[in-house]
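Structure file protein_1.txt with compact mmCIF, C-alpha atoms:
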# COMPACT_ATOMS: atom_id res chain seq x y z
CA MET A 1 -8.18 8.60 0.67
CA ALA A 2 -6.17 5.40 0.87
CA LYS A 3 -2.59 5.15 2.11
CA PRO A 4 0.09 6.31 -0.37
CA GLY A 5 0.49 3.76 -3.15
CA TYR A 6 -2.98 2.25 -2.70
CA GLY A 7 -6.45 3.01 -4.00
CA LYS A 8 -7.77 4.23 -7.34
CA ARG A 9 -5.55 4.62 -10.40
CA SER A 10 -6.87 6.17 -13.61
CA ALA A 11 -6.03 4.39 -16.86
CA PRO A 12 -4.60 6.53 -19.69
CA GLY A 13 -6.27 7.49 -22.96
CA GLN A 14 -9.78 8.07 -21.61
CA GLN A 15 -12.30 10.16 -23.50
CA PRO A 16 -13.46 13.46 -21.93
CA GLY A 17 -16.31 13.12 -19.47
CA ALA A 18 -19.84 13.48 -20.78
CA ARG A 19 -23.37 13.10 -19.41
CA ASP A 20 -23.99 9.86 -21.28
CA ASP A 21 -20.74 8.10 -20.28
CA PHE A 22 -22.51 5.22 -18.54
CA ALA A 23 -25.93 5.45 -20.23
CA LEU A 24 -25.89 1.79 -21.28
CA LEU A 25 -25.43 0.53 -17.72
CA PRO A 26 -28.29 -0.33 -15.34
CA THR A 27 -29.37 2.37 -12.89
CA ARG A 28 -27.40 1.10 -9.89
CA GLU A 29 -24.20 0.48 -11.86
CA ARG A 30 -24.54 3.88 -13.56
CA TYR A 31 -24.85 5.53 -10.13
CA VAL A 32 -21.79 3.73 -8.73
CA ALA A 33 -19.76 4.33 -11.91
CA GLY A 34 -20.50 8.06 -11.86
CA PHE A 35 -19.35 8.30 -8.24
CA VAL A 36 -16.15 6.31 -8.80
CA ASP A 37 -15.35 8.30 -11.94
CA HIS A 38 -15.31 11.56 -9.95
CA LEU A 39 -13.07 10.18 -7.19
CA PRO A 40 -9.46 11.45 -7.30
CA ASP A 41 -6.55 9.11 -7.82
CA GLY A 42 -5.53 7.49 -4.53
CA ALA A 43 -9.08 7.33 -3.19
CA GLU A 44 -9.97 4.22 -1.19
CA MET A 45 -11.87 1.72 -3.30
CA SER A 46 -12.88 -0.97 -0.82
CA VAL A 47 -16.49 -2.15 -0.86
CA LYS A 48 -16.94 -1.10 2.77
CA GLN A 49 -15.69 2.44 2.16
CA LEU A 50 -17.77 2.91 -0.99
CA ALA A 51 -20.88 1.71 0.84
CA LYS A 52 -20.27 4.39 3.49
CA GLN A 53 -20.16 7.08 0.81
CA LEU A 54 -23.17 5.75 -1.14
CA PRO A 55 -26.04 5.43 1.36
CA LEU A 56 -28.52 4.16 -1.27
CA TYR A 57 -26.80 0.76 -1.47
CA GLY A 58 -25.21 -1.67 0.96
CA GLN A 59 -21.92 -3.53 0.72
CA GLN A 60 -23.39 -6.51 -1.13
CA ALA A 61 -24.99 -4.25 -3.75
CA ILE A 62 -21.75 -2.28 -4.17
CA GLY A 63 -19.78 -5.51 -4.62
CA THR A 64 -22.22 -6.70 -7.29
CA SER A 65 -22.00 -3.34 -9.06
CA LEU A 66 -18.19 -3.42 -9.10
CA LYS A 67 -18.32 -6.91 -10.62
CA ALA A 68 -20.67 -5.63 -13.33
CA LEU A 69 -18.38 -2.66 -14.01
CA SER A 70 -15.44 -5.02 -14.30
CA VAL A 71 -17.30 -7.14 -16.86
CA ALA A 72 -18.27 -3.96 -18.72
CA GLY A 73 -14.57 -3.09 -19.03
CA HIS A 74 -14.37 -0.11 -16.68
CA LEU A 75 -12.13 -1.42 -13.88
CA ARG A 76 -9.59 -4.03 -12.84
CA ARG A 77 -8.44 -4.80 -9.31
CA VAL A 78 -4.74 -5.68 -9.05
CA ARG A 79 -2.12 -6.42 -6.43
CA CYS A 80 1.58 -5.81 -7.07
CA SER A 81 4.63 -6.58 -5.00
CA VAL A 82 6.90 -3.79 -3.79
CA GLY A 83 10.06 -3.77 -1.73
CA THR A 84 13.60 -4.93 -2.30
CA GLY A 85 15.61 -7.96 -1.25
CA ASP A 86 13.87 -10.39 1.06
CA GLU A 87 11.26 -7.80 2.07
CA THR A 88 8.09 -8.06 -0.03
CA ARG A 89 4.87 -6.16 0.48
CA TRP A 90 1.70 -6.19 -1.60
CA VAL A 91 0.06 -2.97 -2.75
CA PHE A 92 -3.58 -3.13 -3.83
CA ARG A 93 -4.85 -0.83 -6.57
CA THR A 94 -8.03 -0.45 -8.61
CA PHE A 95 -7.43 0.73 -12.16
CA TRP A 96 -10.39 2.70 -13.53
CA SER A 97 -11.27 3.69 -17.09
CA ARG A 98 -14.24 5.92 -17.90
CA THR A 99 -14.01 4.51 -21.43
CA ALA A 100 -14.95 0.81 -21.50
CA ARG A 101 -12.03 -1.43 -22.56
CA ASP A 102 -11.93 -5.01 -23.78
CA ASN A 103 -9.85 -7.82 -22.28
CA GLU A 104 -7.02 -7.44 -24.81
CA TRP A 105 -6.60 -3.76 -23.96
CA TRP A 106 -6.52 -4.44 -20.23
CA ASN A 107 -4.05 -7.33 -20.60
CA THR A 108 -1.72 -5.17 -22.72
CA TYR A 109 -1.99 -2.18 -20.40
CA LEU A 110 -1.34 -4.17 -17.22
CA ALA A 111 1.67 -5.85 -18.85
CA THR A 112 2.97 -2.40 -19.84
CA GLU A 113 2.31 -1.17 -16.31
CA THR A 114 4.52 -3.98 -14.98
CA ALA A 115 7.28 -3.22 -17.48
CA THR A 116 7.15 0.51 -16.78
CA ARG A 117 7.42 0.01 -13.04
CA THR A 118 10.30 -2.45 -13.48
CA ALA A 119 12.27 -0.16 -15.79
CA ALA A 120 11.82 2.86 -13.50
CA PRO A 121 14.80 3.69 -11.28
CA ALA A 122 14.68 2.27 -7.80
CA ALA A 123 13.13 4.59 -5.26
CA THR A 124 14.69 5.44 -1.95
CA PRO A 125 12.73 6.39 1.19
CA GLU A 126 13.91 9.96 0.80
CA ALA A 127 13.13 10.35 -2.94
CA PRO A 128 10.43 8.10 -4.46
CA ALA A 129 10.88 7.59 -8.18
CA SER A 130 7.18 7.91 -9.05
CA ASP A 131 3.68 7.48 -7.67
CA THR A 132 3.98 3.73 -8.27
CA ALA A 133 6.88 3.38 -5.85
CA PRO A 134 6.16 1.95 -2.40
CA PRO A 135 5.45 4.50 0.32
CA PRO A 136 8.37 5.27 2.63
CA PRO A 137 7.96 3.03 5.69
CA TRP A 138 8.80 5.81 8.13
CA VAL A 139 6.28 8.37 6.86
CA PRO A 140 3.09 8.44 8.97
CA ALA A 141 -0.01 7.61 6.97
CA GLU A 142 -2.01 10.43 8.52
CA GLU A 143 0.40 13.31 7.97
CA PRO A 144 2.90 14.16 5.20
CA PRO A 145 6.60 14.62 5.98
CA PRO A 146 7.72 18.15 6.90
CA PRO A 147 8.28 20.34 3.80
CA ALA A 148 11.75 21.55 2.89
CA ARG A 149 12.70 25.04 3.92
CA PRO A 150 12.17 27.50 1.00
CA GLU A 151 15.13 29.34 -0.49
CA SER A 152 13.51 32.75 0.03
CA PRO A 153 11.57 33.78 3.16
CA PRO A 154 7.76 33.94 2.82
CA SER A 155 6.06 37.25 2.34
CA ALA A 156 4.50 39.14 5.21
CA GLY A 157 0.98 37.97 4.37
CA GLN A 158 1.91 34.33 3.90
CA ASP A 159 1.61 31.93 6.81
CA PRO A 160 4.38 29.37 7.22
CA GLU A 161 3.42 25.76 6.48
CA PRO A 162 2.90 23.56 9.56
CA THR A 163 5.25 20.67 10.14
CA ALA A 164 4.14 17.11 10.82
CA VAL A 165 6.56 16.50 13.68
CA PRO A 166 8.73 18.79 15.80
CA HIS A 167 12.12 19.70 14.36
CA GLN A 168 15.32 18.87 16.12
CA ARG A 169 16.94 21.55 18.20
CA THR A 170 19.85 23.31 16.53
CA PRO A 171 22.80 24.70 18.51
CA PRO A 172 23.07 28.48 18.74
CA GLN A 173 25.17 30.12 16.01
CA ALA A 174 27.97 32.52 16.70
CA PRO A 175 27.14 36.15 15.78
CA ASP A 176 29.97 36.35 13.21
CA THR A 177 29.06 33.11 11.38
CA GLU A 178 26.44 32.68 8.69
CA PRO A 179 23.57 30.41 9.86
CA THR A 180 23.16 27.20 7.92
CA GLN A 181 19.89 25.87 6.61
CA PRO A 182 18.47 23.29 9.08
CA THR A 183 17.78 19.83 7.74
CA GLY A 184 14.59 17.87 8.35
CA PRO A 185 14.26 15.22 11.05
CA SER A 186 16.16 12.01 10.40
CA PRO A 187 14.39 8.67 9.82
CA ALA A 188 15.47 7.55 13.30
CA TYR A 189 13.94 10.65 14.89
CA LEU A 190 10.70 10.20 12.95
CA ALA A 191 10.48 6.52 13.91
CA LEU A 192 10.81 7.42 17.60
CA ALA A 193 8.22 10.20 17.28
CA GLN A 194 5.80 7.80 15.59
CA LEU A 195 5.94 5.31 18.49
CA GLY A 196 3.66 7.46 20.62
CA ARG A 197 1.16 7.75 17.77
CA ASN A 198 0.93 3.96 17.51
CA ASP A 199 0.86 3.28 21.27
CA HIS A 200 0.25 5.97 23.91
CA ARG A 201 2.41 4.06 26.40
CA LEU A 202 5.49 5.01 24.33
CA ALA A 203 4.72 8.71 23.93
CA LEU A 204 7.98 10.71 23.82
CA SER A 205 8.66 14.41 23.98
CA ALA A 206 10.81 16.24 21.45
CA ASP A 207 13.74 16.22 23.92
CA ASP A 208 13.30 12.47 24.46
CA CYS A 209 13.43 11.83 20.70
CA THR A 210 16.57 13.94 20.38
CA THR A 211 18.19 12.06 23.28
CA LEU A 212 17.41 8.60 21.86
CA GLU A 213 18.11 9.50 18.24
CA PRO A 214 21.82 8.44 18.25
CA LEU A 215 20.90 5.00 19.65
CA ALA A 216 18.17 4.52 17.05
CA THR A 217 20.53 5.66 14.29
CA GLN A 218 22.89 2.81 15.22
CA TRP A 219 20.09 0.35 14.39
CA LEU A 220 19.48 1.90 10.97
CA ASP A 221 23.23 1.97 10.28
CA ARG A 222 23.23 -1.82 10.70
CA GLY A 223 20.81 -2.30 7.83
CA VAL A 224 17.45 -2.68 9.57
CA THR A 225 14.36 -0.81 8.40
CA THR A 226 12.37 1.66 10.46
CA ASP A 227 9.50 -0.85 10.55
CA TYR A 228 11.84 -3.42 12.10
CA LEU A 229 13.02 -0.80 14.60
CA THR A 230 9.55 0.27 15.73
CA ASN A 231 8.26 -3.31 15.92
CA ALA A 232 11.22 -4.38 18.07
CA LEU A 233 10.75 -1.43 20.44
CA ALA A 234 6.98 -1.86 20.79
CA ALA A 235 6.85 -5.67 21.14
CA GLY A 236 5.80 -7.18 24.48
CA LEU A 237 5.12 -3.97 26.37
CA PRO A 238 3.97 -4.17 30.00
CA ALA A 239 0.46 -3.03 30.86
CA GLN A 240 1.79 0.26 32.24
CA VAL A 241 4.98 2.09 31.27
CA ASP A 242 6.07 4.63 33.87
CA SER A 243 9.11 5.92 31.95
CA PRO A 244 8.85 5.50 28.16
CA VAL A 245 12.25 7.10 27.54
CA GLY A 246 13.96 4.81 30.08
CA LEU A 247 12.31 1.69 28.68
CA LEU A 248 13.20 2.57 25.10
CA ARG A 249 16.79 3.46 26.00
CA ARG A 250 17.20 0.07 27.65
CA ARG A 251 15.70 -1.75 24.64
CA LEU A 252 17.77 0.23 22.13
CA ILE A 253 20.93 -0.84 23.96
CA ASP A 254 20.03 -4.44 24.83
CA LYS A 255 18.37 -5.39 21.52
CA LEU A 256 20.90 -3.77 19.19
CA PRO A 257 21.02 -6.08 16.12
CA PRO A 258 24.34 -7.57 14.98
CA GLN A 259 26.43 -5.95 12.30
CA LEU A 260 25.97 -7.95 9.11
CA PRO A 261 28.65 -8.07 6.40
CA ALA A 262 28.03 -5.93 3.38
CA THR A 263 26.18 -7.78 0.64
CA PRO A 264 27.92 -7.93 -2.75
CA SER A 265 26.61 -5.45 -5.24
CA THR A 266 24.58 -6.67 -8.20
CA PRO A 267 26.65 -6.96 -11.39
CA ALA A 268 25.95 -4.33 -14.00
CA GLY A 269 24.74 -6.90 -16.53
CA THR A 270 22.23 -8.51 -14.17
CA PRO A 271 18.67 -7.41 -15.01
CA ALA A 272 16.52 -5.95 -12.27
CA PRO A 273 13.99 -8.39 -10.79
CA THR A 274 10.54 -8.17 -12.32
CA ARG A 275 7.90 -6.91 -9.94
CA ARG A 276 4.93 -9.21 -9.96
CA LEU A 277 1.50 -7.83 -10.80
CA LEU A 278 -1.56 -9.99 -10.27
CA VAL A 279 -5.13 -9.18 -11.20
CA GLU A 280 -7.69 -9.91 -8.49
CA CYS A 281 -11.09 -11.38 -9.25
CA THR A 282 -13.50 -8.51 -8.66
CA ASP A 283 -16.01 -10.92 -7.14
CA CYS A 284 -14.06 -13.32 -4.89
CA GLY A 285 -10.58 -11.72 -4.81
CA ARG A 286 -8.71 -14.74 -6.23
CA PRO A 287 -5.42 -13.49 -7.77
CA GLY A 288 -3.98 -14.51 -11.12
CA PRO A 289 -2.26 -13.19 -14.25
CA PRO A 290 -4.34 -10.77 -16.38
CA GLU A 291 -4.91 -13.25 -19.21
CA ALA A 292 -6.32 -15.85 -16.76
CA LEU A 293 -9.07 -13.51 -15.51
CA PRO A 294 -11.24 -12.39 -18.46
CA ASP A 295 -13.51 -9.48 -17.59
CA GLY A 296 -11.62 -9.27 -14.29
CA LEU A 297 -13.24 -12.49 -13.02
CA CYS A 298 -11.73 -15.87 -12.24
CA ARG A 299 -12.99 -18.93 -14.13
CA PRO A 300 -15.64 -20.06 -11.57
CA CYS A 301 -17.00 -16.52 -11.05
CA HIS A 302 -16.96 -15.82 -14.78
CA GLN A 303 -18.86 -19.05 -15.45
CA THR A 304 -21.40 -18.15 -12.78
CA HIS A 305 -21.85 -14.68 -14.25
CA THR A 306 -22.26 -15.85 -17.85
CA ALA A 307 -24.35 -18.97 -17.17
CA GLY A 308 -26.41 -17.45 -14.38
CA GLY A 309 -25.98 -20.55 -12.21
CA GLN A 310 -23.54 -22.33 -9.98
CA PRO A 311 -20.17 -23.23 -11.57
CA SER A 312 -19.67 -26.88 -12.46
CA PRO A 313 -17.18 -28.56 -10.13
CA ASP A 314 -13.78 -29.67 -11.37
CA PRO A 315 -13.79 -33.42 -12.27
CA THR A 316 -10.42 -33.91 -10.57
CA GLN A 317 -11.80 -32.41 -7.38
CA ILE A 318 -14.80 -34.76 -7.54
CA ALA A 319 -12.50 -37.79 -7.87
CA THR A 320 -10.35 -36.58 -4.97
CA VAL A 321 -13.36 -36.13 -2.69
CA LYS A 322 -14.74 -39.57 -3.60
CA ALA A 323 -11.39 -41.24 -2.87
CA HIS A 324 -11.15 -39.40 0.46
CA MET A 325 -14.66 -40.47 1.49
CA ALA A 326 -13.98 -44.08 0.48
CA ASN A 327 -10.86 -44.06 2.64
CA LEU A 328 -12.84 -42.70 5.59
CA ARG A 329 -15.48 -45.41 5.21
CA THR A 330 -12.75 -48.07 5.16
CA LEU A 331 -11.27 -46.70 8.38
CA LEU A 332 -14.68 -46.67 10.07
CA LYS A 333 -15.43 -50.31 9.31
CA PRO A 334 -15.31 -52.56 12.40
CA VAL A 335 -12.29 -54.84 12.60
For the file at hand, write its structure as structure tokens.
Amino acid sequence: MAKPGYGKRSAPGQQPGARDDFALLPTRERYVAGFVDHLPDGAEMSVKQLAKQLPLYGQQAIGTSLKALSVAGHLRRVRCSVGTGDETRWVFRTFWSRTARDNEWWNTYLATETATRTAAPAATPEAPASDTAPPPPWVPAEEPPPPARPESPPSAGQDPEPTAVPHQRTPPQAPDTEPTQPTGPSPAYLALAQLGRNDHRLALSADDCTTLEPLATQWLDRGVTTDYLTNALAAGLPAQVDSPVGLLRRRLIDKLPPQLPATPSTPAGTPAPTRRLLVECTDCGRPGPPEALPDGLCRPCHQTHTAGGQPSPDPTQIATVKAHMANLRTLLKPV
């Protein structure tokens, strides 16, 4: 499986699966299409990963098969920007349709996909709006966040669910007071706990994370992200760290970012910024708008595929190269 927000995405309106879904495709493409069709949403779709799972074919053969499936109308590779403000990240997805679609259908669907994601309410790290929202930056990719405590206790035969990271210690309750439901670890606590997963030199115990949590919370209160926090703490480490908690305490104090003034809120009438969605050429990976990549291929790759030969060079590029070479010859002439 890919990281949250990446990987395979199934297109809507597909016909039910049948034995002859890909009967018109060549043997290799039919084999690859049948495997991809049974993958769950969110599965990794890189050529390298698919070649590991399909031992009959290598990476070059898998790449050629994906290009053929793109031309046949079964898939489109896209990249879309996520994040808010000045922070922009690109999420890569592969949209898959068991039912072959033409270029007009794909262009309309990808435009609708962009509009749907733009109109959806903004997601926060604690509550993503949908599966198209960017993954929370503080959630480890290997393990999910700890589940919320159920309202009713589990039955005697039910095992409690494991937690991804240790919970914070709670102070003892007085006998005559009703215990309160404990909350999950804070983003600052999780960021500190994740440091040891990324670099063993910064491994912290649960007590160390609890001790440093107030200092890390001051960073987040000043508007920085957890990615910024972890990168600042892990940058330029010495070859050996004798006391991770002492080093991190010193860095949390000395590198505390300045308090920035609050940014003015966006007026109610201002439309939300449109999130960009670019289709990637299935063959070479060149990005572009959906209408500029028919069959999921850029113009040179599409020309190569349809003509069966090398694409003709751009006349403007030929003129530029000739002028450059003439200039070089002039410079090389003896004075």
Next item on the list: Please provide as a PyMOL selection string all residues within 12 Å of Gln60 of chain A, with the sequence filter that same-chain residues fewer than 4 positions apart are discarded (counting all atoms listed in the file).
Entry: chain A and resi 46-48+50-51+56+64-67+283
Prev. selection, C-alpha atoms, output as a tab-separated table (two decimals), in the frame of the given file:
chain	number	residue	atom	x	y	z
A	46	SER	CA	-12.88	-0.97	-0.82
A	47	VAL	CA	-16.49	-2.15	-0.86
A	48	LYS	CA	-16.94	-1.10	2.77
A	50	LEU	CA	-17.77	2.91	-0.99
A	51	ALA	CA	-20.88	1.71	0.84
A	56	LEU	CA	-28.52	4.16	-1.27
A	64	THR	CA	-22.22	-6.70	-7.29
A	65	SER	CA	-22.00	-3.34	-9.06
A	66	LEU	CA	-18.19	-3.42	-9.10
A	67	LYS	CA	-18.32	-6.91	-10.62
A	283	ASP	CA	-16.01	-10.92	-7.14
Checklist line | Distance query Gly63 of chain A at most 12 Å, only C-alpha atoms, self and fewer than 5 positions along chain excluded, as a PyMOL selection string | finding: chain A and resi 28-29+32+45-51+57-58+68-70+281-285
Margin query: Give me the residues near Leu75 of chain A as a ChimeraX atom specification, where near means some atom within 12 Å (using all atoms listed in the file) and where sequence neighbours in that chain fewer than 2 positions away do not count.
Written below: /A:8-11,33,36-37,45,65-73,77-78,93-103,105-106,110,279-282,294-297
Next item on the list: Identify which of the residues A:Ala18, A:Pro187, A:Ala2, A:Thr112 lies closest to Thr217 of chain A, counting only C-alpha atoms when measuring atom-to-atom distances.
Entry: A:Pro187
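The two atoms in question, atom CA of Phe92 of chain A and atom CA of Pro300 of chain A, are spaced 22.2 Å apart.
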Note to self: Env of Cys298 of chain A: 7 Å cut, atoms = only C-alpha atoms, seq-sep filter 4 positions within chain, self excluded. Answer as a PyMOL selection string.
What the structure shows: chain A and resi 281+286+293+302
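Here the question is which of A:Tyr6, A:Trp90, A:Phe35, A:Tyr109 gets nearest to Pro290 of chain A using all atoms listed in the file, and that residue is A:Tyr109.
Among the candidates A:Ala61, A:Pro4, A:Asp227, A:Ala239, the residue lying nearest to Tyr31 of chain A is A:Ala61 (atoms considered: all atoms listed in the file).
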Checklist line | Atom pair atom CA of Glu44 of chain A / atom CA of Gly7 of chain A: separation (Å) | finding: 4.7 Å
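Going from atom CA of Leu278 of chain A over to atom CA of Ala43 of chain A, you cover 20.2 Å.
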